[in-house]
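To keep things clear, I will list the structure first and then write my remarks on it.
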Amino acid sequence: MGRIYCIMGKSSTGKDTIYKKLLRKKGLQLNRIVPYTTRPIREGEEDGIEYFFTDVDILERLKQENRIIECRGYQTVHGMWYYYMVKDDQINLEDKDYLIIGTLESYVMIRDYFGEDKVCPIYIEVEDGVRLTRALFREKKQKSPKFEEMCRRFIADNQDFSEEKLRDAGIEKRFVNNKLSDCLQEVTQYISNMK
């Protein structure tokens, strides 16, 4: 039986880095599920790699076709952005394991859709001051930095990942990313033990 391992955490906790490194670990044999979004593509991203970049019309068509597993919308300073997972040919839980990056909200919807025995949370956390420093450094590297949106995400994370919401979602295990190599080793061991 395959499982979906869902990496989540506040912005700038190192989720993307951990995700990419876990996918490269041959012993884990984790497969990607590329999510969908209506947000604009960022510099350095490729369609079909980080996300399938779509528009609201495509999202609405997929909803009408009853092909949405989970969908979240965020009012940003640049308008409404949607992130979602689609019932497509990417997922085969009969014999494959998958790794995705999500939010607490998406994890709960995916868990409820596939079942608690098939979806495993991997919650990454970092002290807020470190997160803010990382976020600022990343945003400065963008061709057109969106500092206002960076700040909005940082503030929203405190609500989205509140202790109450973590408790309600059943998140008990936490992986602290103070040192990437240690955190990666701990997550790798956790996934290996689940197999």
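In the structure tokens, the first chain shown is A, the next is B, and so on; residue numbers restart at 1 for each chain, and ligands run from 1 in the order shown.
For Lys63 in chain A, the list of residues within 12 Å, based on only C-alpha atoms and with local chain neighbours fewer than 6 positions off taken out, reads Val56, Asp57, Ile69, Glu70, Cys71, Tyr84, Met85, Val86 and Lys87 of chain A.
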All alpha helix (DSSP H) positions in chain A, as a ChimeraX atom specification: /A:15-24,56-64,104-114,128-140,147-160,163-168,180-194
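When only C-alpha atoms are used to compute distances to Arg153 in chain A, the closest of the residues A:Gly129, A:Gly115, A:Ala135, A:Gly48 turns out to be A:Ala135.
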10 Å contact set for Leu22 in chain A, only C-alpha atoms, chain neighbours under 3 positions out, as a list of chain:residue names: A:Asp16, A:Thr17, A:Ile18, A:Tyr19, A:Lys25, A:Lys26, A:Gly27, A:Leu28, A:Gln29, A:Leu30, A:Asn31, A:Leu99, A:Leu184, A:Gln185, A:Val187, A:Thr188, A:Ile191
Once you have the residues from the selection above, write them out as a short mmCIF file (atom, residue, chain, number, x, y, z; two decimals), in the first residue's frame, restricted to N, CA and C atoms.
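See selection_0.cif below for the written result:
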data_model
loop_
_atom_site.label_atom_id
_atom_site.label_comp_id
_atom_site.auth_asym_id
_atom_site.auth_seq_id
_atom_site.Cartn_x
_atom_site.Cartn_y
_atom_site.Cartn_z
N ASP A 16 10.67 23.44 0.82
CA ASP A 16 11.07 23.17 -0.57
C ASP A 16 12.41 22.45 -0.63
N THR A 17 13.36 22.88 0.15
CA THR A 17 14.68 22.25 0.16
C THR A 17 14.59 20.81 0.65
N ILE A 18 13.87 20.59 1.73
CA ILE A 18 13.70 19.24 2.27
C ILE A 18 12.98 18.36 1.26
N TYR A 19 11.94 18.90 0.65
CA TYR A 19 11.17 18.18 -0.37
C TYR A 19 12.08 17.71 -1.51
N LYS A 25 16.49 10.96 -2.71
CA LYS A 25 16.95 9.80 -1.93
C LYS A 25 16.38 8.52 -2.54
N LYS A 26 17.23 7.79 -3.21
CA LYS A 26 16.80 6.60 -3.97
C LYS A 26 16.13 5.55 -3.09
N GLY A 27 16.63 5.36 -1.88
CA GLY A 27 16.07 4.35 -1.00
C GLY A 27 14.63 4.59 -0.61
N LEU A 28 14.20 5.85 -0.62
CA LEU A 28 12.83 6.17 -0.23
C LEU A 28 11.82 5.92 -1.34
N GLN A 29 12.25 6.03 -2.59
CA GLN A 29 11.39 5.82 -3.76
C GLN A 29 10.09 6.63 -3.66
N LEU A 30 10.25 7.92 -3.47
CA LEU A 30 9.09 8.81 -3.38
C LEU A 30 8.83 9.45 -4.75
N ASN A 31 7.57 9.56 -5.08
CA ASN A 31 7.15 10.15 -6.35
C ASN A 31 6.53 11.51 -6.09
N LEU A 99 5.32 12.25 -2.32
CA LEU A 99 5.72 13.34 -1.45
C LEU A 99 5.15 14.63 -2.02
N LEU A 184 16.76 16.72 7.89
CA LEU A 184 16.59 15.80 6.77
C LEU A 184 16.78 14.35 7.20
N GLN A 185 17.76 14.12 8.04
CA GLN A 185 18.01 12.77 8.54
C GLN A 185 16.82 12.26 9.37
N VAL A 187 13.64 13.27 9.18
CA VAL A 187 12.49 13.04 8.31
C VAL A 187 12.68 11.76 7.50
N THR A 188 13.89 11.54 6.99
CA THR A 188 14.19 10.33 6.23
C THR A 188 13.93 9.09 7.08
N ILE A 191 10.13 8.48 7.48
CA ILE A 191 9.51 7.90 6.30
C ILE A 191 9.91 6.43 6.17
#
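Nearest to Asn92 in chain A of all the residues A:Lys118, A:Gln189, A:Lys179, A:Met109 is A:Lys118, counting only C-alpha atoms.
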Counting only C-alpha atoms, the option among A:Leu136, A:Leu59, A:Ile101, A:Val119 closest to Gly73 in chain A: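 Of A:Leu136, A:Leu59, A:Ile101, A:Val119, the one nearest Gly73 in chain A, counting only C-alpha atoms, is A:Leu59.
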Shortest interatomic distance to Met150 in chain A - which of A:Leu180, A:Leu132, A:Ile49, A:Ile100, counting only C-alpha atoms: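 Among the listed residues, A:Leu132 lies closest to Met150 in chain A.
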Separation of CA of Ser12 in chain A from CA of Arg111 in chain A, in Å and rounded to one decimal: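 Going from CA of Ser12 in chain A over to CA of Arg111 in chain A, I get 23.7 Å.
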Point-to-point distance in Å for CA of Phe53 in chain A and CA of Lys96 in chain A: 25.0 Å
Counting only C-alpha atoms, the residue of A:Asp168, A:Glu139, A:Ile124, A:Val176 that sits nearest Ile7 in chain A: A:Ile124
Strand (DSSP E) positions in range 32-158 of chain A, given as a PyMOL selection string: chain A and resi 32+36-37+52-53+68-76+79-86+97-102+119-125
